[in-house]
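Asks: Sharing a structure here in structure tokens format.
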Amino acid sequence: MTAAAPPPKRLLLLISKLGYQAHAFADAARRLGADVVFGTDRCHQLDDPWRDSALPLHFERPEESAADIARATPHAPVDAILALGDHPLAAAAHAARALRLPYNSPESVETARNKLRQRECLSAARVPVPQFFAFALDDDLGLVLPRVQFPCVVKPLMLSMSQGVVRADSPAEFRAAVARIRALLESPEIQVTREASLDRLLVESFLPGPEIALEGLLEDGALRTLAMFDKPDPLDGPHFEETIYVTPSRLAPRALAAIEDCARRAVAALGLTHGPIHAEFRVNSRGPWVLEVQPRPIGGLCARALRFGPEKIPLEELLVRHALGMETRALERESTASGVMMIPVPSSGILEGVAGTDEAARVEHIESVEITARLHDYIAAWPEGSTYLGFIFARAPQAAAVEAALRAAHACLRFDLRPRLPVEHPLSRHG
Ligand code: ADP
Ligand code: CA
């Protein structure tokens, strides 16, 4: 007697941009025999070479998104949900609750997503975070300034990728930072996201010290560390675009254990229980401090830096397996050191040329050089920016060799960025 093959499992992938990251996850799901349904809030941007019809959703209205998902999938229920990037996280949590799928609670996700609420939650749980307070963009800065201790970091409550994050060392720098972030938040590009809390800013004490990222996976609230990355370029500001990530970390085992312990406490305080987390910390003489914990995987192409198990499956596949309820615990990260450089934008402009990629790719230990910015497109530098020119990947026996290779490859690259002539945008007060 032969049993009928079970129907393929269905994975709902929620993501704003149906770009590389979405396809890497979808390909992983298909390799595992699962069907993929996309849900996105950017249907007008459907770049659809695979002809995946996507559910149109409004991620900024998570409950409505959840109802739309439930309505759209009555006859073919989804078995698992994965949310990529920050925008769909709350919608994923509400949908998972409606569909009775394992996921983080909507409350935990909403607390983590909002930088002020995350700080309040963690500080109430005595998890080390910088000193902080929030103020409204309408507030009189003359009344705000007496509360600010320098150096400080000013940031929006809901953006990511270090967009709009600015260090200020004096009252004059603080005023300039607030004006600059306000202009960013009022720009059409940000207003179109309809994120809540775009009218307030967070001020924090600047935490000195090296920065570490932890990529983890939660199962029933238990945290498994998949990788810890050093960020060897000092992130002292005034802007904080990421550059190099290298794993394994070269910090002492005790310091890494303290970070993992801090991550566990943070996750527990936030109430996150299921699926991928990406967390960032600063470490100094007083131990680890939480910069942020987010219930999503590392962004963009960076996941490629992590491979697991004897078949060296990519992080995306590990996360899809976990989402589909498959066993992943035996899959350890490969023993090789690995790293990625997010190529920062030296100055805002229109990208008119890139030179040196072949030379960069020939540097020892470099695996690939991917320029993701499109020629003739405008690309903004930080703090207004949030997209990198591209990514460089390296693998070597030792972390130090990975870091050196990334720097050597980056030094080969030349970007021709031409300043854009100021044009008054009809919808923007800031041009
Ligand atoms: P985002 O969600 O946009 O990534 P973060 O709060 O993680 O915003 O800040 C981005 C980066 O800015 C951090 O990775 C860190 O380098 C720097 N940063 C943010 N807050 C602080 C702080 N209080 N002290 C020192 N550096 C900070
Ligand atoms: Ca961050």
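If you're wondering about the labels, chains in the structure tokens are A, B, ... by order shown, residues count from 1 in each chain, ligands from 1 in order shown.
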Please return, as a PyMOL selection string, all residues of stretch 120-341 of chain A that DSSP assigns to strand (DSSP E or B) on the basis of the backbone.
Replies: chain A and resi 132-136+152-156+166-168+200-205+211-219+222-231+239+244-247+275-284+287-294+307-308+313-314+333+337-341
Asks: Would you list the contacts of stretch 107-118 of chain A as a PDB file with all heavy atoms, in the first residue's frame, taking every protein, DNA or RNA residue within 10 Å and counting only C-alpha atoms, but skipping same-chain residues closer than 5 positions in sequence?
Replies:
ATOM      1  N   ASP A  86      11.805  45.108   8.270  1.00  0.00           N
ATOM      2  CA  ASP A  86      11.072  45.594   9.446  1.00  0.00           C
ATOM      3  C   ASP A  86       9.592  45.825   9.200  1.00  0.00           C
ATOM      4  O   ASP A  86       8.774  45.605  10.079  1.00  0.00           O
ATOM      5  CB  ASP A  86      11.684  46.906   9.934  1.00  0.00           C
ATOM      6  CG  ASP A  86      13.089  46.694  10.440  1.00  0.00           C
ATOM      7  OD1 ASP A  86      13.234  46.186  11.553  1.00  0.00           O
ATOM      8  OD2 ASP A  86      14.029  46.998   9.685  1.00  0.00           O
ATOM      9  N   HIS A  87       9.237  46.273   8.002  1.00  0.00           N
ATOM     10  CA  HIS A  87       7.843  46.692   7.776  1.00  0.00           C
ATOM     11  C   HIS A  87       6.802  45.616   8.045  1.00  0.00           C
ATOM     12  O   HIS A  87       5.755  45.902   8.615  1.00  0.00           O
ATOM     13  CB  HIS A  87       7.677  47.245   6.355  1.00  0.00           C
ATOM     14  CG  HIS A  87       8.470  48.480   6.119  1.00  0.00           C
ATOM     15  ND1 HIS A  87       8.180  49.677   6.747  1.00  0.00           N
ATOM     16  CD2 HIS A  87       9.551  48.701   5.362  1.00  0.00           C
ATOM     17  CE1 HIS A  87       9.071  50.578   6.370  1.00  0.00           C
ATOM     18  NE2 HIS A  87       9.912  50.018   5.538  1.00  0.00           N
ATOM     19  N   LEU A  89       6.725  43.038  10.050  1.00  0.00           N
ATOM     20  CA  LEU A  89       6.814  42.221  11.266  1.00  0.00           C
ATOM     21  C   LEU A  89       5.500  42.165  12.045  1.00  0.00           C
ATOM     22  O   LEU A  89       5.070  41.094  12.481  1.00  0.00           O
ATOM     23  CB  LEU A  89       7.945  42.733  12.167  1.00  0.00           C
ATOM     24  CG  LEU A  89       9.350  42.501  11.612  1.00  0.00           C
ATOM     25  CD1 LEU A  89      10.388  43.213  12.465  1.00  0.00           C
ATOM     26  CD2 LEU A  89       9.658  41.013  11.556  1.00  0.00           C
ATOM     27  N   ALA A  90       4.849  43.317  12.216  1.00  0.00           N
ATOM     28  CA  ALA A  90       3.615  43.316  13.005  1.00  0.00           C
ATOM     29  C   ALA A  90       2.505  42.590  12.253  1.00  0.00           C
ATOM     30  O   ALA A  90       1.728  41.824  12.843  1.00  0.00           O
ATOM     31  CB  ALA A  90       3.204  44.748  13.338  1.00  0.00           C
ATOM     32  N   ALA A  91       2.437  42.788  10.939  1.00  0.00           N
ATOM     33  CA  ALA A  91       1.420  42.082  10.142  1.00  0.00           C
ATOM     34  C   ALA A  91       1.631  40.577  10.253  1.00  0.00           C
ATOM     35  O   ALA A  91       0.659  39.809  10.381  1.00  0.00           O
ATOM     36  CB  ALA A  91       1.502  42.530   8.683  1.00  0.00           C
ATOM     37  N   ALA A  92       2.895  40.138  10.217  1.00  0.00           N
ATOM     38  CA  ALA A  92       3.183  38.699  10.331  1.00  0.00           C
ATOM     39  C   ALA A  92       2.683  38.160  11.664  1.00  0.00           C
ATOM     40  O   ALA A  92       2.086  37.081  11.735  1.00  0.00           O
ATOM     41  CB  ALA A  92       4.690  38.463  10.193  1.00  0.00           C
ATOM     42  N   ALA A  93       2.913  38.926  12.721  1.00  0.00           N
ATOM     43  CA  ALA A  93       2.515  38.453  14.052  1.00  0.00           C
ATOM     44  C   ALA A  93       0.996  38.365  14.165  1.00  0.00           C
ATOM     45  O   ALA A  93       0.456  37.401  14.722  1.00  0.00           O
ATOM     46  CB  ALA A  93       3.097  39.376  15.117  1.00  0.00           C
ATOM     47  N   HIS A  94       0.286  39.363  13.652  1.00  0.00           N
ATOM     48  CA  HIS A  94      -1.178  39.318  13.710  1.00  0.00           C
ATOM     49  C   HIS A  94      -1.718  38.190  12.836  1.00  0.00           C
ATOM     50  O   HIS A  94      -2.660  37.493  13.220  1.00  0.00           O
ATOM     51  CB  HIS A  94      -1.773  40.663  13.285  1.00  0.00           C
ATOM     52  CG  HIS A  94      -1.690  41.707  14.362  1.00  0.00           C
ATOM     53  ND1 HIS A  94      -2.592  41.770  15.405  1.00  0.00           N
ATOM     54  CD2 HIS A  94      -0.809  42.705  14.575  1.00  0.00           C
ATOM     55  CE1 HIS A  94      -2.265  42.778  16.216  1.00  0.00           C
ATOM     56  NE2 HIS A  94      -1.184  43.368  15.717  1.00  0.00           N
ATOM     57  N   SER A 123      14.775  48.596  29.784  1.00  0.00           N
ATOM     58  CA  SER A 123      15.280  49.251  30.995  1.00  0.00           C
ATOM     59  C   SER A 123      14.437  48.851  32.206  1.00  0.00           C
ATOM     60  O   SER A 123      14.967  48.650  33.295  1.00  0.00           O
ATOM     61  CB  SER A 123      15.413  50.755  30.805  1.00  0.00           C
ATOM     62  OG  SER A 123      14.243  51.416  31.116  1.00  0.00           O
ATOM     63  N   ALA A 124      13.133  48.623  32.002  1.00  0.00           N
ATOM     64  CA  ALA A 124      12.293  48.158  33.121  1.00  0.00           C
ATOM     65  C   ALA A 124      12.733  46.767  33.575  1.00  0.00           C
ATOM     66  O   ALA A 124      12.621  46.418  34.753  1.00  0.00           O
ATOM     67  CB  ALA A 124      10.825  48.131  32.701  1.00  0.00           C
ATOM     68  N   VAL A 129      20.792  49.262  28.758  1.00  0.00           N
ATOM     69  CA  VAL A 129      20.544  50.071  27.560  1.00  0.00           C
ATOM     70  C   VAL A 129      21.063  51.477  27.860  1.00  0.00           C
ATOM     71  O   VAL A 129      21.216  51.847  29.020  1.00  0.00           O
ATOM     72  CB  VAL A 129      19.037  50.142  27.183  1.00  0.00           C
ATOM     73  CG1 VAL A 129      18.533  48.800  26.690  1.00  0.00           C
ATOM     74  CG2 VAL A 129      18.192  50.653  28.334  1.00  0.00           C
ATOM     75  N   PHE A 132      18.000  57.288  27.955  1.00  0.00           N
ATOM     76  CA  PHE A 132      17.212  57.725  26.797  1.00  0.00           C
ATOM     77  C   PHE A 132      16.031  58.569  27.239  1.00  0.00           C
ATOM     78  O   PHE A 132      15.579  58.487  28.378  1.00  0.00           O
ATOM     79  CB  PHE A 132      16.677  56.502  26.021  1.00  0.00           C
ATOM     80  CG  PHE A 132      15.680  55.697  26.826  1.00  0.00           C
ATOM     81  CD1 PHE A 132      14.318  55.943  26.722  1.00  0.00           C
ATOM     82  CD2 PHE A 132      16.117  54.719  27.696  1.00  0.00           C
ATOM     83  CE1 PHE A 132      13.400  55.229  27.474  1.00  0.00           C
ATOM     84  CE2 PHE A 132      15.201  53.984  28.457  1.00  0.00           C
ATOM     85  CZ  PHE A 132      13.851  54.240  28.338  1.00  0.00           C
ATOM     86  N   PHE A 133      15.534  59.386  26.316  1.00  0.00           N
ATOM     87  CA  PHE A 133      14.197  59.968  26.433  1.00  0.00           C
ATOM     88  C   PHE A 133      13.734  60.352  25.034  1.00  0.00           C
ATOM     89  O   PHE A 133      14.542  60.451  24.105  1.00  0.00           O
ATOM     90  CB  PHE A 133      14.136  61.161  27.401  1.00  0.00           C
ATOM     91  CG  PHE A 133      14.844  62.408  26.922  1.00  0.00           C
ATOM     92  CD1 PHE A 133      14.166  63.362  26.155  1.00  0.00           C
ATOM     93  CD2 PHE A 133      16.172  62.642  27.241  1.00  0.00           C
ATOM     94  CE1 PHE A 133      14.800  64.526  25.732  1.00  0.00           C
ATOM     95  CE2 PHE A 133      16.821  63.800  26.814  1.00  0.00           C
ATOM     96  CZ  PHE A 133      16.136  64.742  26.059  1.00  0.00           C
ATOM     97  N   ALA A 134      12.436  60.531  24.893  1.00  0.00           N
ATOM     98  CA  ALA A 134      11.893  60.891  23.581  1.00  0.00           C
ATOM     99  C   ALA A 134      11.291  62.280  23.659  1.00  0.00           C
ATOM    100  O   ALA A 134      10.906  62.747  24.731  1.00  0.00           O
ATOM    101  CB  ALA A 134      10.822  59.882  23.162  1.00  0.00           C
ATOM    102  N   LYS A 155      17.755  59.708  17.091  1.00  0.00           N
ATOM    103  CA  LYS A 155      17.270  58.777  16.060  1.00  0.00           C
ATOM    104  C   LYS A 155      15.757  58.772  15.980  1.00  0.00           C
ATOM    105  O   LYS A 155      15.074  59.049  16.968  1.00  0.00           O
ATOM    106  CB  LYS A 155      17.801  57.372  16.323  1.00  0.00           C
ATOM    107  CG  LYS A 155      17.467  56.810  17.709  1.00  0.00           C
ATOM    108  CD  LYS A 155      17.927  55.357  17.867  1.00  0.00           C
ATOM    109  CE  LYS A 155      19.331  55.222  18.373  1.00  0.00           C
ATOM    110  NZ  LYS A 155      19.673  53.853  18.826  1.00  0.00           N
ATOM    111  N   PRO A 156      15.226  58.429  14.799  1.00  0.00           N
ATOM    112  CA  PRO A 156      13.778  58.255  14.662  1.00  0.00           C
ATOM    113  C   PRO A 156      13.346  56.993  15.415  1.00  0.00           C
ATOM    114  O   PRO A 156      14.165  56.136  15.725  1.00  0.00           O
ATOM    115  CB  PRO A 156      13.579  58.070  13.154  1.00  0.00           C
ATOM    116  CG  PRO A 156      14.888  58.372  12.508  1.00  0.00           C
ATOM    117  CD  PRO A 156      15.945  58.181  13.532  1.00  0.00           C
ATOM    118  N   LEU A 157      12.046  56.869  15.692  1.00  0.00           N
ATOM    119  CA  LEU A 157      11.578  55.722  16.469  1.00  0.00           C
ATOM    120  C   LEU A 157      11.386  54.470  15.629  1.00  0.00           C
ATOM    121  O   LEU A 157      11.366  53.372  16.165  1.00  0.00           O
ATOM    122  CB  LEU A 157      10.242  56.038  17.164  1.00  0.00           C
ATOM    123  CG  LEU A 157      10.242  57.224  18.125  1.00  0.00           C
ATOM    124  CD1 LEU A 157       8.976  57.231  18.955  1.00  0.00           C
ATOM    125  CD2 LEU A 157      11.454  57.195  19.027  1.00  0.00           C
ATOM    126  N   MET A 158      11.176  54.633  14.317  1.00  0.00           N
ATOM    127  CA  MET A 158      10.743  53.471  13.533  1.00  0.00           C
ATOM    128  C   MET A 158      11.574  53.165  12.291  1.00  0.00           C
ATOM    129  O   MET A 158      11.214  52.272  11.563  1.00  0.00           O
ATOM    130  CB  MET A 158       9.284  53.646  13.093  1.00  0.00           C
ATOM    131  CG  MET A 158       8.275  53.681  14.199  1.00  0.00           C
ATOM    132  SD  MET A 158       8.101  52.129  15.093  1.00  0.00           S
ATOM    133  CE  MET A 158       6.883  51.302  14.075  1.00  0.00           C
ATOM    134  N   LEU A 159      12.644  53.887  12.019  1.00  0.00           N
ATOM    135  CA  LEU A 159      13.405  53.540  10.811  1.00  0.00           C
ATOM    136  C   LEU A 159      14.420  52.443  11.133  1.00  0.00           C
ATOM    137  O   LEU A 159      14.558  52.020  12.275  1.00  0.00           O
ATOM    138  CB  LEU A 159      14.104  54.765  10.235  1.00  0.00           C
ATOM    139  CG  LEU A 159      13.191  55.893   9.769  1.00  0.00           C
ATOM    140  CD1 LEU A 159      13.999  56.913   8.983  1.00  0.00           C
ATOM    141  CD2 LEU A 159      12.034  55.390   8.934  1.00  0.00           C
ATOM    142  N   SER A 160      15.141  51.994  10.117  1.00  0.00           N
ATOM    143  CA  SER A 160      16.168  50.973  10.330  1.00  0.00           C
ATOM    144  C   SER A 160      17.349  51.267   9.412  1.00  0.00           C
ATOM    145  O   SER A 160      17.359  52.276   8.708  1.00  0.00           O
ATOM    146  CB  SER A 160      15.594  49.578  10.072  1.00  0.00           C
ATOM    147  OG  SER A 160      15.066  49.521   8.778  1.00  0.00           O
ATOM    148  N   ALA A 196       4.069  54.654  11.854  1.00  0.00           N
ATOM    149  CA  ALA A 196       3.620  55.439  12.999  1.00  0.00           C
ATOM    150  C   ALA A 196       4.841  56.111  13.640  1.00  0.00           C
ATOM    151  O   ALA A 196       5.977  55.760  13.346  1.00  0.00           O
ATOM    152  CB  ALA A 196       2.945  54.516  13.999  1.00  0.00           C
ATOM    153  N   SER A 197       4.613  57.057  14.498  1.00  0.00           N
ATOM    154  CA  SER A 197       5.663  57.673  15.318  1.00  0.00           C
ATOM    155  C   SER A 197       6.740  58.397  14.522  1.00  0.00           C
ATOM    156  O   SER A 197       7.875  58.482  14.958  1.00  0.00           O
ATOM    157  CB  SER A 197       6.358  56.638  16.217  1.00  0.00           C
ATOM    158  OG  SER A 197       5.427  55.826  16.850  1.00  0.00           O
ATOM    159  N   ARG A 200       8.201  61.861  16.376  1.00  0.00           N
ATOM    160  CA  ARG A 200       8.977  61.928  17.615  1.00  0.00           C
ATOM    161  C   ARG A 200      10.385  61.423  17.374  1.00  0.00           C
ATOM    162  O   ARG A 200      10.624  60.646  16.444  1.00  0.00           O
ATOM    163  CB  ARG A 200       8.322  61.070  18.705  1.00  0.00           C
ATOM    164  CG  ARG A 200       6.928  61.540  19.029  1.00  0.00           C
ATOM    165  CD  ARG A 200       6.293  60.608  20.037  1.00  0.00           C
ATOM    166  NE  ARG A 200       6.753  60.914  21.383  1.00  0.00           N
ATOM    167  CZ  ARG A 200       6.624  60.072  22.412  1.00  0.00           C
ATOM    168  NH1 ARG A 200       6.108  58.886  22.236  1.00  0.00           N
ATOM    169  NH2 ARG A 200       7.023  60.440  23.608  1.00  0.00           N
ATOM    170  N   LEU A 201      11.309  61.854  18.216  1.00  0.00           N
ATOM    171  CA  LEU A 201      12.698  61.389  18.127  1.00  0.00           C
ATOM    172  C   LEU A 201      13.138  60.855  19.485  1.00  0.00           C
ATOM    173  O   LEU A 201      12.630  61.261  20.531  1.00  0.00           O
ATOM    174  CB  LEU A 201      13.633  62.534  17.721  1.00  0.00           C
ATOM    175  CG  LEU A 201      13.419  63.147  16.334  1.00  0.00           C
ATOM    176  CD1 LEU A 201      14.474  64.214  16.077  1.00  0.00           C
ATOM    177  CD2 LEU A 201      13.480  62.077  15.252  1.00  0.00           C
ATOM    178  N   LEU A 202      14.108  59.963  19.429  1.00  0.00           N
ATOM    179  CA  LEU A 202      14.699  59.394  20.632  1.00  0.00           C
ATOM    180  C   LEU A 202      16.096  59.993  20.793  1.00  0.00           C
ATOM    181  O   LEU A 202      16.816  60.129  19.802  1.00  0.00           O
ATOM    182  CB  LEU A 202      14.779  57.875  20.429  1.00  0.00           C
ATOM    183  CG  LEU A 202      15.206  56.973  21.576  1.00  0.00           C
ATOM    184  CD1 LEU A 202      14.240  57.094  22.751  1.00  0.00           C
ATOM    185  CD2 LEU A 202      15.250  55.523  21.090  1.00  0.00           C
ATOM    186  N   VAL A 203      16.453  60.355  22.014  1.00  0.00           N
ATOM    187  CA  VAL A 203      17.817  60.808  22.321  1.00  0.00           C
ATOM    188  C   VAL A 203      18.413  59.803  23.279  1.00  0.00           C
ATOM    189  O   VAL A 203      17.771  59.424  24.264  1.00  0.00           O
ATOM    190  CB  VAL A 203      17.843  62.157  23.079  1.00  0.00           C
ATOM    191  CG1 VAL A 203      19.251  62.738  23.068  1.00  0.00           C
ATOM    192  CG2 VAL A 203      16.854  63.123  22.532  1.00  0.00           C
ATOM    193  N   ALA A 266      17.239  40.075  27.024  1.00  0.00           N
ATOM    194  CA  ALA A 266      16.500  41.059  26.223  1.00  0.00           C
ATOM    195  C   ALA A 266      15.311  40.391  25.525  1.00  0.00           C
ATOM    196  O   ALA A 266      14.190  40.911  25.521  1.00  0.00           O
ATOM    197  CB  ALA A 266      17.435  41.704  25.191  1.00  0.00           C
ATOM    198  N   VAL A 267      15.557  39.239  24.939  1.00  0.00           N
ATOM    199  CA  VAL A 267      14.509  38.512  24.226  1.00  0.00           C
ATOM    200  C   VAL A 267      13.372  38.146  25.190  1.00  0.00           C
ATOM    201  O   VAL A 267      12.184  38.283  24.865  1.00  0.00           O
ATOM    202  CB  VAL A 267      15.146  37.249  23.581  1.00  0.00           C
ATOM    203  CG1 VAL A 267      14.108  36.207  23.290  1.00  0.00           C
ATOM    204  CG2 VAL A 267      15.923  37.630  22.333  1.00  0.00           C
ATOM    205  N   ALA A 268      13.766  37.694  26.382  1.00  0.00           N
ATOM    206  CA  ALA A 268      12.750  37.304  27.366  1.00  0.00           C
ATOM    207  C   ALA A 268      11.941  38.527  27.797  1.00  0.00           C
ATOM    208  O   ALA A 268      10.711  38.474  27.914  1.00  0.00           O
ATOM    209  CB  ALA A 268      13.418  36.645  28.578  1.00  0.00           C
ATOM    210  N   ALA A 269      12.626  39.644  28.014  1.00  0.00           N
ATOM    211  CA  ALA A 269      11.919  40.853  28.447  1.00  0.00           C
ATOM    212  C   ALA A 269      10.949  41.324  27.368  1.00  0.00           C
ATOM    213  O   ALA A 269       9.821  41.740  27.651  1.00  0.00           O
ATOM    214  CB  ALA A 269      12.929  41.961  28.775  1.00  0.00           C
ATOM    215  N   LEU A 270      11.381  41.234  26.113  1.00  0.00           N
ATOM    216  CA  LEU A 270      10.506  41.677  25.021  1.00  0.00           C
ATOM    217  C   LEU A 270       9.378  40.681  24.772  1.00  0.00           C
ATOM    218  O   LEU A 270       8.364  41.032  24.160  1.00  0.00           O
ATOM    219  CB  LEU A 270      11.329  41.858  23.733  1.00  0.00           C
ATOM    220  CG  LEU A 270      12.341  43.008  23.752  1.00  0.00           C
ATOM    221  CD1 LEU A 270      13.339  42.886  22.605  1.00  0.00           C
ATOM    222  CD2 LEU A 270      11.624  44.362  23.700  1.00  0.00           C
ATOM    223  N   GLY A 271       9.554  39.442  25.218  1.00  0.00           N
ATOM    224  CA  GLY A 271       8.518  38.430  25.012  1.00  0.00           C
ATOM    225  C   GLY A 271       8.596  37.773  23.645  1.00  0.00           C
ATOM    226  O   GLY A 271       7.652  37.128  23.204  1.00  0.00           O
ATOM    227  N   LEU A 272       9.749  37.921  22.977  1.00  0.00           N
ATOM    228  CA  LEU A 272       9.918  37.261  21.673  1.00  0.00           C
ATOM    229  C   LEU A 272      10.163  35.773  21.912  1.00  0.00           C
ATOM    230  O   LEU A 272      10.869  35.401  22.849  1.00  0.00           O
ATOM    231  CB  LEU A 272      11.102  37.872  20.917  1.00  0.00           C
ATOM    232  CG  LEU A 272      10.943  39.346  20.559  1.00  0.00           C
ATOM    233  CD1 LEU A 272      12.254  39.917  20.023  1.00  0.00           C
ATOM    234  CD2 LEU A 272       9.820  39.532  19.544  1.00  0.00           C
ATOM    235  N   THR A 273       9.585  34.932  21.065  1.00  0.00           N
ATOM    236  CA  THR A 273       9.649  33.491  21.327  1.00  0.00           C
ATOM    237  C   THR A 273       9.997  32.639  20.116  1.00  0.00           C
ATOM    238  O   THR A 273      10.358  31.479  20.278  1.00  0.00           O
ATOM    239  CB  THR A 273       8.274  32.978  21.815  1.00  0.00           C
ATOM    240  OG1 THR A 273       7.289  33.365  20.848  1.00  0.00           O
ATOM    241  CG2 THR A 273       7.927  33.546  23.183  1.00  0.00           C
ATOM    242  N   LEU A 291      21.974  47.566  21.789  1.00  0.00           N
ATOM    243  CA  LEU A 291      21.582  48.623  20.860  1.00  0.00           C
ATOM    244  C   LEU A 291      20.183  48.336  20.336  1.00  0.00           C
ATOM    245  O   LEU A 291      19.322  49.188  20.331  1.00  0.00           O
ATOM    246  CB  LEU A 291      22.573  48.732  19.702  1.00  0.00           C
ATOM    247  CG  LEU A 291      23.894  49.409  20.027  1.00  0.00           C
ATOM    248  CD1 LEU A 291      24.857  49.252  18.866  1.00  0.00           C
ATOM    249  CD2 LEU A 291      23.691  50.892  20.347  1.00  0.00           C
ATOM    250  N   GLU A 292      19.982  47.115  19.855  1.00  0.00           N
ATOM    251  CA  GLU A 292      18.621  46.736  19.458  1.00  0.00           C
ATOM    252  C   GLU A 292      18.511  45.235  19.260  1.00  0.00           C
ATOM    253  O   GLU A 292      19.489  44.549  19.006  1.00  0.00           O
ATOM    254  CB  GLU A 292      18.170  47.470  18.192  1.00  0.00           C
ATOM    255  CG  GLU A 292      18.970  47.116  16.966  1.00  0.00           C
ATOM    256  CD  GLU A 292      18.271  47.567  15.682  1.00  0.00           C
ATOM    257  OE1 GLU A 292      17.078  47.916  15.717  1.00  0.00           O
ATOM    258  OE2 GLU A 292      18.923  47.531  14.637  1.00  0.00           O
ATOM    259  N   VAL A 293      17.272  44.754  19.394  1.00  0.00           N
ATOM    260  CA  VAL A 293      16.949  43.356  19.117  1.00  0.00           C
ATOM    261  C   VAL A 293      15.746  43.384  18.191  1.00  0.00           C
ATOM    262  O   VAL A 293      14.738  44.017  18.513  1.00  0.00           O
ATOM    263  CB  VAL A 293      16.559  42.605  20.412  1.00  0.00           C
ATOM    264  CG1 VAL A 293      16.164  41.162  20.082  1.00  0.00           C
ATOM    265  CG2 VAL A 293      17.686  42.641  21.425  1.00  0.00           C
ATOM    266  N   GLN A 294      15.877  42.736  17.025  1.00  0.00           N
ATOM    267  CA  GLN A 294      14.745  42.732  16.086  1.00  0.00           C
ATOM    268  C   GLN A 294      14.366  41.305  15.704  1.00  0.00           C
ATOM    269  O   GLN A 294      15.252  40.487  15.455  1.00  0.00           O
ATOM    270  CB  GLN A 294      15.096  43.533  14.818  1.00  0.00           C
ATOM    271  CG  GLN A 294      15.145  45.039  15.043  1.00  0.00           C
ATOM    272  CD  GLN A 294      13.837  45.626  15.561  1.00  0.00           C
ATOM    273  OE1 GLN A 294      12.757  45.130  15.274  1.00  0.00           O
ATOM    274  NE2 GLN A 294      13.940  46.670  16.376  1.00  0.00           N
ATOM    275  N   PRO A 295      13.067  41.011  15.628  1.00  0.00           N
ATOM    276  CA  PRO A 295      12.622  39.652  15.305  1.00  0.00           C
ATOM    277  C   PRO A 295      12.608  39.384  13.806  1.00  0.00           C
ATOM    278  O   PRO A 295      11.560  39.133  13.217  1.00  0.00           O
ATOM    279  CB  PRO A 295      11.213  39.601  15.901  1.00  0.00           C
ATOM    280  CG  PRO A 295      10.739  41.008  15.866  1.00  0.00           C
ATOM    281  CD  PRO A 295      11.954  41.896  16.000  1.00  0.00           C
ATOM    282  N   ARG A 296      13.776  39.459  13.207  1.00  0.00           N
ATOM    283  CA  ARG A 296      13.914  39.222  11.763  1.00  0.00           C
ATOM    284  C   ARG A 296      15.365  38.829  11.514  1.00  0.00           C
ATOM    285  O   ARG A 296      16.224  39.066  12.352  1.00  0.00           O
ATOM    286  CB  ARG A 296      13.593  40.501  10.986  1.00  0.00           C
ATOM    287  CG  ARG A 296      14.477  41.660  11.406  1.00  0.00           C
ATOM    288  CD  ARG A 296      14.534  42.759  10.391  1.00  0.00           C
ATOM    289  NE  ARG A 296      15.289  43.897  10.888  1.00  0.00           N
ATOM    290  CZ  ARG A 296      16.607  44.012  10.890  1.00  0.00           C
ATOM    291  NH1 ARG A 296      17.364  43.026  10.446  1.00  0.00           N
ATOM    292  NH2 ARG A 296      17.209  45.088  11.356  1.00  0.00           N
TER     293      ARG A 296
END
Asks: Would you list the contacts of stretch 185-192 of chain A as a PyMOL selection string, taking every protein, DNA or RNA residue within 12 Å and counting only C-alpha atoms, but skipping same-chain residues closer than 4 positions in sequence?
Replies: chain A and resi 41-42+58-60+137+155-160+163-165+178-181+196-201+380+383-386+425-431
Asks: Using only C-alpha atoms and all ligand atoms for the distances, tell me which of A:Leu143, A:Leu421, A:Ala80, A:Ala168 is nearest to ligand 1.
Replies: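 Of A:Leu143, A:Leu421, A:Ala80, A:Ala168, the one nearest ligand 1 is A:Ala168, counting only C-alpha atoms and all ligand atoms.
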Asks: Please identify all protein, DNA and RNA residues within 7 Å of ligand 1, counting only C-alpha atoms and all ligand atoms, and report them as a ChimeraX atom specification.
Replies: /A:130,152-153,159-163,165,204-208,211,235-236,240,280,291-292
Asks: In Å, how far is it from atom CA of A:Arg395 to atom CA of A:Gly339?
Replies: 6.4 Å
Asks: Pick out the residues sitting within 9 Å of A:Glu317, and hand them over as a PyMOL selection string; count only C-alpha atoms, and ignore anything fewer than 2 positions along from it in its own chain.
Replies: chain A and resi 24-25+27-29+31-32+313-315+319-322
Asks: Write the selection just made, keeping C-alpha atoms, as an mmCIF file, in the first residue's frame?
Replies:
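Saved result, out.cif, follows:
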data_model
loop_
_atom_site.group_PDB
_atom_site.id
_atom_site.type_symbol
_atom_site.label_atom_id
_atom_site.label_comp_id
_atom_site.auth_asym_id
_atom_site.auth_seq_id
_atom_site.Cartn_x
_atom_site.Cartn_y
_atom_site.Cartn_z
ATOM 1 C CA ALA A 24 16.735 33.732 -1.919
ATOM 2 C CA PHE A 25 14.099 32.674 0.641
ATOM 3 C CA ASP A 27 14.353 29.434 -3.748
ATOM 4 C CA ALA A 28 15.217 27.830 -0.415
ATOM 5 C CA ALA A 29 11.546 26.953 0.170
ATOM 6 C CA ARG A 31 14.363 23.335 -2.758
ATOM 7 C CA LEU A 32 12.589 21.937 0.296
ATOM 8 C CA ILE A 313 23.072 25.450 3.289
ATOM 9 C CA PRO A 314 22.604 29.229 3.388
ATOM 10 C CA LEU A 315 21.024 31.019 6.324
ATOM 11 C CA LEU A 319 15.340 29.761 8.520
ATOM 12 C CA VAL A 320 12.848 28.301 6.045
ATOM 13 C CA ARG A 321 13.446 24.833 7.487
ATOM 14 C CA HIS A 322 12.835 26.196 10.957
#
